[in-house]
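Coordinates as given in run-v2.cif (mmCIF, C-alpha atoms):
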data_model
loop_
_atom_site.group_PDB
_atom_site.id
_atom_site.type_symbol
_atom_site.label_atom_id
_atom_site.label_comp_id
_atom_site.auth_asym_id
_atom_site.auth_seq_id
_atom_site.Cartn_x
_atom_site.Cartn_y
_atom_site.Cartn_z
ATOM 1 C CA MET A 1312 3.463 -1.900 18.329
ATOM 2 C CA PRO A 1313 4.610 -1.575 14.715
ATOM 3 C CA ILE A 1314 2.525 0.568 12.425
ATOM 4 C CA VAL A 1315 2.823 -0.053 8.685
ATOM 5 C CA GLU A 1316 1.394 2.631 6.412
ATOM 6 C CA ILE A 1317 0.875 2.116 2.704
ATOM 7 C CA SER A 1318 -0.367 4.753 0.295
ATOM 8 C CA VAL A 1319 -2.100 3.709 -2.911
ATOM 9 C CA SER A 1320 -4.047 5.577 -5.531
ATOM 10 C CA GLU A 1321 -7.767 5.750 -4.956
ATOM 11 C CA GLY A 1322 -9.560 2.670 -6.260
ATOM 12 C CA ALA A 1323 -6.369 0.628 -6.635
ATOM 13 C CA PHE A 1324 -7.822 -2.209 -4.573
ATOM 14 C CA THR A 1325 -11.255 -3.567 -3.765
ATOM 15 C CA PRO A 1326 -12.146 -3.749 -0.055
ATOM 16 C CA GLU A 1327 -11.377 -7.497 -0.145
ATOM 17 C CA GLN A 1328 -7.988 -6.893 -1.773
ATOM 18 C CA ARG A 1329 -7.143 -4.230 0.839
ATOM 19 C CA THR A 1330 -7.998 -6.694 3.609
ATOM 20 C CA ASN A 1331 -5.881 -9.397 1.969
ATOM 21 C CA LEU A 1332 -3.000 -6.941 1.594
ATOM 22 C CA GLY A 1333 -3.262 -6.015 5.268
ATOM 23 C CA LYS A 1334 -3.282 -9.667 6.309
ATOM 24 C CA ALA A 1335 -0.246 -10.457 4.132
ATOM 25 C CA ILE A 1336 1.696 -7.521 5.582
ATOM 26 C CA ASN A 1337 0.659 -8.496 9.097
ATOM 27 C CA ASP A 1338 1.887 -12.050 8.534
ATOM 28 C CA LYS A 1339 5.281 -10.937 7.172
ATOM 29 C CA VAL A 1340 5.915 -8.365 9.897
ATOM 30 C CA THR A 1341 4.875 -10.895 12.559
ATOM 31 C CA GLU A 1342 7.251 -13.466 11.044
ATOM 32 C CA PHE A 1343 10.065 -10.907 11.049
ATOM 33 C CA TYR A 1344 9.508 -9.941 14.697
ATOM 34 C CA GLN A 1345 9.320 -13.569 15.786
ATOM 35 C CA ASN A 1346 12.596 -14.364 14.005
ATOM 36 C CA VAL A 1347 14.461 -11.266 15.184
ATOM 37 C CA LYS A 1348 13.009 -10.538 18.613
ATOM 38 C CA GLY A 1349 11.197 -13.745 19.515
ATOM 39 C CA THR A 1350 7.974 -11.843 20.147
ATOM 40 C CA LYS A 1351 4.619 -11.462 18.444
ATOM 41 C CA PRO A 1352 3.665 -7.786 18.360
ATOM 42 C CA SER A 1353 0.292 -6.193 17.778
ATOM 43 C CA ILE A 1354 0.626 -4.817 14.244
ATOM 44 C CA TRP A 1355 -1.436 -2.044 12.721
ATOM 45 C CA VAL A 1356 -1.651 -1.780 8.949
ATOM 46 C CA ILE A 1357 -3.025 1.441 7.483
ATOM 47 C CA VAL A 1358 -3.866 1.596 3.778
ATOM 48 C CA ARG A 1359 -4.357 5.185 2.684
ATOM 49 C CA GLU A 1360 -6.092 5.888 -0.598
ATOM 50 C CA GLU A 1361 -5.107 9.122 -2.277
ATOM 51 C CA PRO A 1362 -6.689 10.689 -5.362
ATOM 52 C CA ALA A 1363 -4.620 10.059 -8.497
ATOM 53 C CA ASP A 1364 -4.037 13.804 -8.869
ATOM 54 C CA ASN A 1365 -2.196 13.825 -5.512
ATOM 55 C CA TRP A 1366 0.505 11.541 -6.924
ATOM 56 C CA ILE A 1367 3.172 13.318 -8.949
ATOM 57 C CA ILE A 1368 5.475 11.195 -11.119
ATOM 58 C CA GLU A 1369 8.305 12.978 -12.867
ATOM 59 C CA GLY A 1370 6.394 16.244 -12.741
ATOM 60 C CA GLU A 1371 2.980 15.024 -13.871
ATOM 61 C CA SER A 1372 -0.025 13.709 -11.989
ATOM 62 C CA LEU A 1373 -0.756 10.001 -11.911
ATOM 63 C CA THR A 1374 -3.907 10.738 -13.912
ATOM 64 C CA GLU A 1375 -1.833 12.352 -16.677
ATOM 65 C CA PHE A 1376 0.805 9.613 -16.449
ATOM 66 C CA ARG A 1377 -1.804 6.865 -16.864
ATOM 67 C CA LYS A 1378 -3.369 8.696 -19.796
ATOM 68 C CA ARG A 1379 0.005 9.020 -21.502
ATOM 69 C CA MET A 1380 0.775 5.336 -20.916
ATOM 70 C CA GLN A 1381 -2.583 4.376 -22.455
ATOM 71 C CA GLU A 1382 -1.840 6.504 -25.516
ATOM 72 C CA LYS A 1383 1.459 4.628 -26.015
ATOM 73 C CA LYS A 1384 -0.385 1.289 -26.328
#

Written as structure tokens, that's how I'd like the structure from this file.
Amino acid sequence: MPIVEISVSEGAFTPEQRTNLGKAINDKVTEFYQNVKGTKPSIWVIVREEPADNWIIEGESLTEFRKRMQEKK
């Protein structure tokens, strides 16, 4: 049973988008397993939402990074 975990920043996707993402990942992993192993596994997709301040990019939080990117526009 493959488990696929994806971490995104909080609020990155609507519930519908998260479901669509999970379905797309499920389809691709199923296709891969069928091509490589000839089987169709039961796939779990976990989408974890983390607060933007938990993401650190080049030493600054995602919140700070986004703010800086907005200021550049």

List the residues matched by the PyMOL selection byres ((chain A and resi 1323) around 12) in the displayed structure as a PDB file with C-alpha atoms, keeping the file's coordinate frame, ordered by chain and then by residue number.
ATOM      1  CA  ILE A1317       0.875   2.116   2.704  1.00  0.00           C
ATOM      2  CA  SER A1318      -0.367   4.753   0.295  1.00  0.00           C
ATOM      3  CA  VAL A1319      -2.100   3.709  -2.911  1.00  0.00           C
ATOM      4  CA  SER A1320      -4.047   5.577  -5.531  1.00  0.00           C
ATOM      5  CA  GLU A1321      -7.767   5.750  -4.956  1.00  0.00           C
ATOM      6  CA  GLY A1322      -9.560   2.670  -6.260  1.00  0.00           C
ATOM      7  CA  PHE A1324      -7.822  -2.209  -4.573  1.00  0.00           C
ATOM      8  CA  THR A1325     -11.255  -3.567  -3.765  1.00  0.00           C
ATOM      9  CA  PRO A1326     -12.146  -3.749  -0.055  1.00  0.00           C
ATOM     10  CA  GLU A1327     -11.377  -7.497  -0.145  1.00  0.00           C
ATOM     11  CA  GLN A1328      -7.988  -6.893  -1.773  1.00  0.00           C
ATOM     12  CA  ARG A1329      -7.143  -4.230   0.839  1.00  0.00           C
ATOM     13  CA  LEU A1332      -3.000  -6.941   1.594  1.00  0.00           C
ATOM     14  CA  VAL A1358      -3.866   1.596   3.778  1.00  0.00           C
ATOM     15  CA  ARG A1359      -4.357   5.185   2.684  1.00  0.00           C
ATOM     16  CA  GLU A1360      -6.092   5.888  -0.598  1.00  0.00           C
ATOM     17  CA  GLU A1361      -5.107   9.122  -2.277  1.00  0.00           C
ATOM     18  CA  PRO A1362      -6.689  10.689  -5.362  1.00  0.00           C
ATOM     19  CA  ALA A1363      -4.620  10.059  -8.497  1.00  0.00           C
TER      20      ALA A1363
END

*Specify as a count of residues only each residue included when the PyMOL selection byres ((chain A and resi 1312) around 8) is applied to this file.*
6

*Distance of CA of Glu1375 (chain A) from CA of Glu1316 (chain A), expressed in Å to one decimal place*: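 Taking CA of Glu1316 (chain A) and CA of Glu1375 (chain A), their separation equals 25.3 Å.
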
_Point-to-point distance from CA of Ile1336 (chain A) to CA of Ile1357 (chain A), Å rounded to tenths_ =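 Separation between CA of Ile1336 (chain A) and CA of Ile1357 (chain A): 10.3 Å.
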
*By how many Å are CA of Asn1365 (chain A) and CA of Lys1339 (chain A) apart?*
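Separation between CA of Asn1365 (chain A) and CA of Lys1339 (chain A): 28.8 Å.
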
Starting from the incomplete input, reconstruct N, CA and C atoms of region 1326-1349 of chain A and write that as a compact mmCIF listing (two decimals), keeping the file's coordinate frame.
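After the write, out-v6.txt holds the following:
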# COMPACT_ATOMS: atom_id res chain seq x y z
N PRO A 1326 -12.23 -3.56 -1.51
CA PRO A 1326 -12.15 -3.75 -0.06
C PRO A 1326 -11.55 -5.12 0.31
N GLU A 1327 -11.91 -6.16 -0.42
CA GLU A 1327 -11.38 -7.50 -0.14
C GLU A 1327 -9.87 -7.55 -0.40
N GLN A 1328 -9.42 -6.92 -1.47
CA GLN A 1328 -7.99 -6.89 -1.77
C GLN A 1328 -7.21 -6.12 -0.71
N ARG A 1329 -7.79 -5.00 -0.23
CA ARG A 1329 -7.14 -4.23 0.84
C ARG A 1329 -6.99 -5.08 2.09
N THR A 1330 -8.05 -5.82 2.44
CA THR A 1330 -8.00 -6.69 3.61
C THR A 1330 -6.93 -7.77 3.43
N ASN A 1331 -6.89 -8.37 2.24
CA ASN A 1331 -5.88 -9.40 1.97
C ASN A 1331 -4.46 -8.83 2.03
N LEU A 1332 -4.29 -7.61 1.52
CA LEU A 1332 -3.00 -6.94 1.59
C LEU A 1332 -2.61 -6.73 3.05
N GLY A 1333 -3.53 -6.24 3.85
CA GLY A 1333 -3.26 -6.02 5.27
C GLY A 1333 -2.89 -7.30 5.99
N LYS A 1334 -3.59 -8.38 5.69
CA LYS A 1334 -3.28 -9.67 6.31
C LYS A 1334 -1.90 -10.15 5.90
N ALA A 1335 -1.56 -10.01 4.61
CA ALA A 1335 -0.25 -10.46 4.13
C ALA A 1335 0.88 -9.67 4.80
N ILE A 1336 0.69 -8.36 4.93
CA ILE A 1336 1.70 -7.52 5.58
C ILE A 1336 1.81 -7.90 7.05
N ASN A 1337 0.67 -8.09 7.69
CA ASN A 1337 0.66 -8.50 9.10
C ASN A 1337 1.45 -9.79 9.29
N ASP A 1338 1.21 -10.76 8.43
CA ASP A 1338 1.89 -12.05 8.53
C ASP A 1338 3.40 -11.90 8.39
N LYS A 1339 3.84 -11.11 7.41
CA LYS A 1339 5.28 -10.94 7.17
C LYS A 1339 5.96 -10.18 8.31
N VAL A 1340 5.32 -9.14 8.80
CA VAL A 1340 5.92 -8.36 9.90
C VAL A 1340 5.94 -9.22 11.16
N THR A 1341 4.90 -9.99 11.41
CA THR A 1341 4.88 -10.90 12.56
C THR A 1341 6.00 -11.91 12.46
N GLU A 1342 6.18 -12.50 11.27
CA GLU A 1342 7.25 -13.47 11.04
C GLU A 1342 8.62 -12.83 11.32
N PHE A 1343 8.81 -11.62 10.83
CA PHE A 1343 10.06 -10.91 11.05
C PHE A 1343 10.33 -10.71 12.55
N TYR A 1344 9.34 -10.19 13.27
CA TYR A 1344 9.51 -9.94 14.70
C TYR A 1344 9.78 -11.23 15.46
N GLN A 1345 9.10 -12.30 15.10
CA GLN A 1345 9.32 -13.57 15.79
C GLN A 1345 10.74 -14.08 15.54
N ASN A 1346 11.24 -13.92 14.33
CA ASN A 1346 12.60 -14.36 14.00
C ASN A 1346 13.67 -13.49 14.65
N VAL A 1347 13.45 -12.19 14.70
CA VAL A 1347 14.46 -11.27 15.18
C VAL A 1347 14.38 -11.05 16.69
N LYS A 1348 13.17 -10.88 17.20
CA LYS A 1348 13.01 -10.54 18.61
C LYS A 1348 12.39 -11.65 19.45
N GLY A 1349 11.83 -12.66 18.78
CA GLY A 1349 11.20 -13.74 19.52
C GLY A 1349 9.87 -13.37 20.13
